[in-house]
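Novice: Provided herewith: protein_15.txt, compact mmCIF, C-alpha atoms.
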```txt
# COMPACT_ATOMS: atom_id res chain seq x y z
CA MET I 114 15.98 -14.48 15.45
CA SER I 115 13.88 -14.01 18.58
CA GLU I 116 13.62 -16.81 21.16
CA ASP I 117 9.91 -17.16 20.39
CA ASP I 118 10.59 -17.53 16.67
CA ALA I 119 13.38 -20.05 17.32
CA ARG I 120 11.13 -22.16 19.56
CA LEU I 121 8.27 -21.97 17.06
CA LEU I 122 10.52 -22.87 14.16
CA GLU I 123 11.90 -25.84 16.02
CA GLY I 124 8.35 -27.11 16.60
CA LEU I 125 7.42 -26.59 12.95
CA ARG I 126 10.46 -28.49 11.75
CA ARG I 127 9.61 -31.35 14.11
CA GLY I 128 6.13 -31.44 12.57
CA ASP I 129 4.52 -30.53 15.89
CA ASP I 130 0.77 -29.92 15.33
CA ALA I 131 0.62 -27.42 18.18
CA ALA I 132 3.36 -25.32 16.59
CA TYR I 133 1.46 -25.20 13.29
CA GLU I 134 -1.70 -24.17 15.07
CA GLU I 135 0.17 -21.47 16.99
CA LEU I 136 1.59 -20.10 13.75
CA VAL I 137 -1.78 -19.99 11.98
CA ARG I 138 -3.56 -18.44 14.98
CA SER I 139 -0.90 -15.81 15.60
CA GLN I 140 -0.34 -14.78 11.98
CA GLY I 141 -3.57 -15.66 10.16
CA GLY I 142 -5.45 -12.44 10.91
CA ARG I 143 -2.56 -10.26 9.88
CA LEU I 144 -2.04 -12.15 6.63
CA LEU I 145 -5.76 -12.00 5.87
CA ALA I 146 -5.62 -8.21 6.24
CA VAL I 147 -2.76 -8.14 3.71
CA THR I 148 -4.53 -10.30 1.13
CA ARG I 149 -7.79 -8.36 1.61
CA ARG I 150 -5.97 -5.12 0.85
CA ILE I 151 -4.48 -6.52 -2.34
CA LEU I 152 -7.47 -8.50 -3.59
CA GLY I 153 -10.45 -6.59 -2.23
CA ASP I 154 -12.53 -9.77 -2.24
CA GLU I 155 -13.11 -11.81 0.90
CA ASP I 156 -13.23 -15.26 -0.70
CA ASP I 157 -10.11 -14.66 -2.79
CA ALA I 158 -8.35 -13.18 0.25
CA ARG I 159 -9.08 -16.27 2.35
CA ASP I 160 -7.97 -18.59 -0.46
CA ALA I 161 -4.72 -16.66 -0.78
CA VAL I 162 -4.05 -16.94 2.97
CA GLN I 163 -4.61 -20.68 2.85
CA GLU I 164 -2.32 -21.01 -0.16
CA ALA I 165 0.29 -18.85 1.57
CA PHE I 166 0.33 -21.00 4.70
CA LEU I 167 0.48 -24.25 2.75
CA SER I 168 3.32 -22.88 0.66
CA ALA I 169 5.13 -21.75 3.83
CA PHE I 170 4.65 -25.16 5.46
CA LYS I 171 6.29 -26.83 2.46
CA SER I 172 9.29 -24.56 2.54
CA ILE I 173 9.75 -24.39 6.30
CA ASP I 174 13.03 -26.31 6.06
CA ARG I 175 14.39 -23.74 3.65
CA PHE I 176 13.61 -20.78 5.91
CA GLN I 177 17.01 -19.57 6.99
CA GLY I 178 15.88 -17.45 9.91
CA GLY I 179 17.47 -14.33 8.43
CA SER I 180 14.24 -12.44 8.99
CA LEU I 181 11.34 -12.66 11.41
CA VAL I 182 8.87 -15.49 10.76
CA SER I 183 6.16 -12.81 10.42
CA THR I 184 8.17 -10.95 7.74
CA TRP I 185 8.83 -14.17 5.84
CA LEU I 186 5.11 -15.05 5.93
CA HIS I 187 4.15 -11.53 4.88
CA ARG I 188 6.16 -11.86 1.68
CA ILE I 189 4.66 -15.26 0.94
CA ALA I 190 1.13 -13.89 1.47
CA VAL I 191 1.79 -10.90 -0.80
CA ASN I 192 3.03 -13.30 -3.46
CA ALA I 193 0.01 -15.60 -3.06
CA ALA I 194 -2.35 -12.62 -3.38
CA LEU I 195 -0.59 -11.39 -6.51
CA MET I 196 -0.77 -14.87 -8.06
CA LYS I 197 -4.48 -14.89 -7.33
CA LEU I 198 -4.81 -11.44 -8.88
CA ARG I 199 -3.11 -12.68 -12.06
CA SER I 200 -5.28 -15.76 -12.24
CA ARG I 201 -8.47 -13.69 -12.30
CA ARG I 202 -9.98 -13.29 -15.70
CA ARG I 203 -8.00 -10.60 -17.48
CA ARG I 204 -9.93 -7.39 -17.77
CA PRO I 205 -8.92 -4.46 -19.94
CA GLU I 206 -6.80 -2.05 -17.95
CA GLU I 207 -8.88 0.83 -16.60
CA SER I 208 -7.55 4.30 -17.26
CA ILE I 209 -6.55 6.49 -14.33
CA ASP I 210 -6.68 9.69 -16.37
CA ASP I 211 -10.08 10.80 -15.08
CA LEU I 212 -8.72 10.78 -11.52
CA LEU I 213 -5.58 12.80 -12.27
CA PRO I 214 -5.36 16.60 -11.93
CA LYS I 215 -6.23 18.59 -15.04
CA TYR I 216 -4.07 21.34 -16.50
CA LEU I 217 -4.62 24.18 -18.93
CA ASP I 218 -2.54 24.45 -22.11
CA ASP I 219 -0.07 26.78 -20.35
CA GLY I 220 0.59 24.23 -17.58
CA HIS I 221 -1.48 25.95 -14.88
CA PRO I 222 -3.85 23.73 -12.89
CA ALA I 223 -7.48 23.85 -14.03
CA GLN I 224 -8.40 23.85 -10.33
CA PRO I 225 -5.68 25.23 -8.02
CA ALA I 226 -5.10 23.10 -4.92
CA VAL I 227 -6.94 24.16 -1.75
CA PRO I 228 -5.37 23.50 1.68
CA TRP I 229 -6.65 20.55 3.70
CA LYS I 230 -7.75 20.64 7.30
CA ASN I 231 -5.08 19.54 9.75
CA LEU I 232 -5.47 15.91 10.66
CA SER I 233 -3.90 15.18 14.01
CA ASP I 234 -2.32 11.80 14.65
CA ALA I 235 -5.35 10.98 16.80
CA GLN I 236 -7.74 11.70 13.92
CA LEU I 237 -5.51 9.77 11.57
CA ILE I 238 -5.90 6.55 13.52
CA ARG I 239 -9.67 6.85 13.91
CA ALA I 240 -11.56 3.97 12.37
CA GLU I 241 -13.68 6.31 10.30
CA THR I 242 -10.68 8.04 8.73
CA ARG I 243 -9.17 4.68 7.88
CA LYS I 244 -12.45 3.58 6.33
CA GLN I 245 -12.58 6.73 4.22
CA VAL I 246 -9.02 6.21 2.95
CA ARG I 247 -9.62 2.53 2.29
CA ALA I 248 -12.76 3.30 0.30
CA ALA I 249 -10.84 5.84 -1.80
CA ILE I 250 -8.02 3.34 -2.45
CA ASP I 251 -10.63 0.80 -3.59
CA GLN I 252 -11.74 3.26 -6.28
CA LEU I 253 -8.32 3.23 -7.94
CA PRO I 254 -7.91 1.11 -11.08
CA GLU I 255 -6.52 -2.29 -10.05
CA GLY I 256 -3.09 -1.90 -11.67
CA TYR I 257 -2.52 1.33 -9.74
CA ARG I 258 -4.16 0.24 -6.48
CA THR I 259 -1.87 -2.80 -6.30
CA VAL I 260 1.27 -0.71 -6.67
CA LEU I 261 0.10 1.78 -4.04
CA VAL I 262 -0.83 -0.99 -1.60
CA LEU I 263 2.50 -2.78 -2.05
CA ARG I 264 4.65 0.34 -1.74
CA ASP I 265 2.82 2.58 0.73
CA ILE I 266 0.93 0.12 2.92
CA GLU I 267 2.81 -3.19 2.73
CA GLU I 268 6.06 -1.20 2.67
CA LEU I 269 7.85 -3.13 -0.06
CA ASP I 270 10.64 -1.19 -1.70
CA THR I 271 10.55 -0.29 -5.39
CA ALA I 272 12.80 -3.17 -6.44
CA GLU I 273 10.75 -5.77 -4.53
CA ALA I 274 7.46 -4.45 -5.92
CA ALA I 275 8.91 -4.36 -9.45
CA GLU I 276 10.08 -7.95 -9.19
CA LEU I 277 6.78 -9.26 -7.83
CA LEU I 278 4.75 -7.37 -10.42
CA GLY I 279 7.04 -8.14 -13.34
CA MET I 280 7.56 -4.44 -14.07
CA THR I 281 10.55 -2.18 -14.33
CA LYS I 282 11.40 -0.02 -11.32
CA ASN I 283 10.58 3.08 -13.37
CA ALA I 284 7.14 1.71 -14.24
CA VAL I 285 6.48 1.09 -10.52
CA LYS I 286 7.54 4.64 -9.67
CA THR I 287 5.35 6.15 -12.39
CA ARG I 288 2.34 4.10 -11.31
CA LEU I 289 2.87 4.89 -7.64
CA HIS I 290 3.03 8.63 -8.32
CA ARG I 291 -0.13 8.55 -10.43
CA ALA I 292 -1.92 6.39 -7.86
CA ARG I 293 -1.01 8.86 -5.10
CA GLN I 294 -2.16 11.80 -7.22
CA ALA I 295 -5.44 10.05 -7.97
CA LEU I 296 -5.92 9.14 -4.30
CA ARG I 297 -5.23 12.76 -3.36
CA GLY I 298 -7.93 13.85 -5.79
CA LEU I 299 -10.41 11.36 -4.38
CA LEU I 300 -9.77 12.49 -0.79
CA ASP I 301 -9.69 16.19 -1.66
CA PRO I 302 -13.44 16.97 -1.41
CA GLU I 303 -13.62 15.38 2.07
CA LEU I 304 -10.49 16.94 3.47
CA GLN I 305 -10.53 20.52 2.18
CA ALA I 306 -10.30 23.03 5.03
CA GLY I 307 -13.76 24.44 5.65
CA GLY I 308 -15.47 21.19 4.59
CA GLY I 309 -17.17 18.71 6.91
CA PRO I 310 -15.39 17.09 9.87
CA PRO I 311 -12.74 14.52 8.94
CA GLY I 312 -13.59 10.90 9.43
CA MET Z 166 2.64 31.01 -11.81
CA SER Z 167 4.75 33.11 -14.16
CA GLY Z 168 8.45 33.75 -14.65
CA SER Z 169 9.47 30.18 -13.79
CA ARG Z 170 11.20 27.66 -16.00
CA MET Z 171 8.95 24.93 -14.66
CA THR Z 172 5.18 24.85 -15.11
CA CYS Z 173 2.76 23.75 -12.38
CA GLN Z 174 2.08 20.59 -14.39
CA GLU Z 175 5.78 19.75 -14.62
CA LEU Z 176 6.17 20.39 -10.90
CA ALA Z 177 3.35 17.95 -10.15
CA ASP Z 178 5.05 15.36 -12.37
CA PHE Z 179 8.29 15.69 -10.37
CA LEU Z 180 6.79 15.65 -6.85
CA MET Z 181 7.69 12.09 -5.97
CA ALA Z 182 11.19 12.35 -7.41
CA TYR Z 183 11.65 15.54 -5.37
CA ASP Z 184 10.52 13.91 -2.11
CA ASP Z 185 12.64 10.84 -2.84
CA GLY Z 186 15.71 13.05 -3.34
CA GLU Z 187 16.02 11.91 -6.94
CA LEU Z 188 15.84 15.28 -8.70
CA PRO Z 189 19.20 16.43 -10.06
CA GLY Z 190 20.57 19.60 -8.45
CA GLY Z 191 19.62 22.02 -11.23
CA GLN Z 192 16.08 20.71 -11.53
CA ARG Z 193 15.70 20.70 -7.76
CA LYS Z 194 16.65 24.37 -7.64
CA VAL Z 195 14.08 25.28 -10.30
CA PHE Z 196 11.49 23.15 -8.49
CA GLU Z 197 12.10 24.98 -5.21
CA GLU Z 198 12.09 28.39 -6.90
CA HIS Z 199 8.68 27.57 -8.34
CA LEU Z 200 7.39 26.42 -4.95
CA GLY Z 201 8.61 29.64 -3.38
CA VAL Z 202 6.39 31.79 -5.59
CA CYS Z 203 3.42 29.50 -6.26
CA PRO Z 204 1.17 28.92 -3.21
CA PRO Z 205 -1.19 26.48 -5.04
CA CYS Z 206 1.79 24.23 -5.90
CA LEU Z 207 3.00 24.39 -2.31
CA THR Z 208 -0.49 23.38 -1.20
CA TYR Z 209 -0.49 20.58 -3.77
CA LEU Z 210 2.83 19.29 -2.41
CA GLU Z 211 1.54 19.40 1.19
CA THR Z 212 -1.69 17.59 0.37
CA TYR Z 213 0.23 15.01 -1.70
CA ARG Z 214 2.41 14.30 1.33
CA GLU Z 215 -0.68 14.08 3.55
CA THR Z 216 -2.16 11.57 1.10
CA VAL Z 217 0.92 9.36 1.48
CA ARG Z 218 0.69 9.69 5.29
CA LEU Z 219 -2.98 8.70 5.20
CA GLY Z 220 -2.19 5.66 3.06
CA LYS Z 221 0.53 4.58 5.46
CA SER Z 222 -1.93 4.86 8.37
CA LEU Z 223 -3.54 1.67 6.99
CA CYS Z 224 -0.32 -0.28 7.53
CA ASP Z 225 -0.60 -2.94 10.23
CA ASP Z 226 2.38 -1.47 12.04
CA ALA Z 227 0.82 2.01 12.17
CA GLU Z 228 -0.09 3.32 15.59
CA GLY Z 229 -3.65 2.44 16.50
CA ALA Z 230 -3.99 -0.21 13.81
CA PRO Z 231 -6.77 -2.57 14.89
CA PRO Z 232 -5.91 -6.20 15.64
CA HIS Z 233 -6.90 -8.54 12.85
CA GLU Z 234 -8.91 -11.62 13.65
CA CYS Z 235 -8.61 -14.77 11.60
CA PRO Z 236 -11.97 -16.54 11.21
CA GLU Z 237 -12.05 -19.87 13.03
CA GLU Z 238 -13.25 -21.70 9.90
CA LEU Z 239 -10.23 -20.45 7.96
CA ILE Z 240 -7.85 -21.60 10.71
CA GLU Z 241 -9.49 -25.03 10.71
CA ALA Z 242 -9.39 -25.23 6.89
CA ILE Z 243 -5.65 -24.47 6.84
CA LEU Z 244 -4.82 -26.96 9.59
CA THR Z 245 -7.00 -29.64 8.01
CA ALA Z 246 -5.38 -29.09 4.59
CA ARG Z 247 -1.96 -29.46 6.18
CA ARG Z 248 -2.89 -32.68 7.94
CA SER Z 249 -4.33 -34.12 4.76
CA GLY Z 250 -1.12 -33.22 2.95
CA GLU Z 251 -2.65 -30.84 0.40
```
What would you get if you wrote out this structure as structure tokens?
Specialist:
Amino acid sequence: MSEDDARLLEGLRRGDDAAYEELVRSQGGRLLAVTRRILGDEDDARDAVQEAFLSAFKSIDRFQGGSLVSTWLHRIAVNAALMKLRSRRRRPEESIDDLLPKYLDDGHPAQPAVPWKNLSDAQLIRAETRKQVRAAIDQLPEGYRTVLVLRDIEELDTAEAAELLGMTKNAVKTRLHRARQALRGLLDPELQAGGGPPG
Amino acid sequence: MSGSRMTCQELADFLMAYDDGELPGGQRKVFEEHLGVCPPCLTYLETYRETVRLGKSLCDDAEGAPPHECPEELIEAILTARRSGE
């Protein structure tokens, strides 16, 4: 554990108001970004952050310090966002089929893949490129978007994502692959070489 | 493509397993033979990988990720809820 984390943790366990404020100010924005990515709704995202912090405060004595405070909070926020997702009124699962590549009866693609323009690292981190990718991810059906966000953006491993989502590891893998294929299809028109400038 | 024991559709189904090193040896060999003679599948693989890279660019730890601000009213709401023992 870092010295900063140890000092902060000591303050939290003493019930020091300043330590709680420091924790919320230093981690709140990051956790809000996480819950926004999972929930896609500002009010729900803020509620989930509040619930995550309150849950963390209650279990501060049980935090063993085996990970960074930020990592521990990240997991709690992911969990709070998923709980919120489950509590939303159940909607019928949207199909992802329309977003997947199409094949002819002999297994050839109906539309062969066309190369994409080269995106440099500099282009990749441009705000506009990020916005474009985020908008495409938001078009994925919820059950697929959540898996992609947890695995590729929040960097949970397959087992962690499976446990949090109540799915088998194989189901997570299948959903992740389909979500990536669908996302590829959504980005394809913008990124084909010879198209408009990227992001 | 022709003359392969794996169709383009099957190759697309196995992409993630291939990149994760989870394809058994024999299947991996057939997969790579197909890639070697099928430029559209090679392009599909490359753009699939680019898609994953683009997704990961949204991660907070990615280079150039913007700092995230927490709205003051949310900070106050959390600290107030804690003080009131919610």
Novice: Should the cut-off be 9 Å, what would the residue list for chain Z against chain I look like, counting all atoms listed in the file, as JSON, numbers by chain?
Specialist: {"Z": [166, 171, 172, 173, 174, 175, 177, 178, 180, 181, 182, 204, 205, 206, 207, 208, 209, 211, 212, 213, 215, 216, 217, 218, 219, 220, 221, 222, 223, 224, 225, 227, 228, 229, 230, 231, 232, 233, 234, 235, 236, 237, 239, 240, 241, 242, 243, 244, 246, 247, 248, 251]}
Novice: One decimal, Å: what's the distance from CA of Ser208 (chain I) over to CA of Asp270 (chain I), could you say?
Specialist: 24.6 Å
Novice: Which residues are near Gly256 (chain I)? Cut-off 9 Å, all atoms listed in the file, ignore same chain within fewer than 5 positions. Put them as JSON, numbers by chain.
Specialist: {"I": [206, 207, 288]}
Novice: Go ahead and save the picked residues with C-alpha atoms, as a PDB file, keeping the file's coordinate frame.
Specialist:
```pdb
ATOM      1  CA  GLU I 206      -6.800  -2.050 -17.950  1.00  0.00           C
ATOM      2  CA  GLU I 207      -8.880   0.830 -16.600  1.00  0.00           C
ATOM      3  CA  ARG I 288       2.340   4.100 -11.310  1.00  0.00           C
TER       4      ARG I 288
END
```
Novice: Measure the distance from CA of Gln252 (chain I) to CA of Leu213 (chain I) in Å and round it to one decimal.
Specialist: 12.8 Å
Novice: Would you list the residues near (8.7, 27.4, -8.5) (no more than 8 Å away, in the coordinates of the file, using all atoms listed in the file) as a list in words?
Specialist: Met166, Ser169, Arg170, Met171, Thr172, Cys173, Leu176, Val195, Phe196, Glu197, Glu198, His199, Leu200, Gly201, Val202 and Cys203 of chain Z
Novice: Do you know which residues are at most 6 Å from region 114-121 of chain I counting only C-alpha atoms, after dropping those on the same chain fewer than 2 positions away, and could you put them as a list in words?
Specialist: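 My reading of the contact set: Glu123, Gly124 and Ala132 of chain I.
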Novice: Report, in Å with one decimal, the straight-line distance from CA of Val260 (chain I) to CA of Leu186 (chain I).
Specialist: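 CA of Leu186 (chain I) lies 19.5 Å from CA of Val260 (chain I).
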Novice: My list of candidates is I:Thr148, I:Thr281, I:Gln177, I:Ser183. Which is closest to Leu263 (chain I) when distances are computed with all atoms listed in the file?
Specialist: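 Closest residue, counting all atoms listed in the file: I:Thr148.
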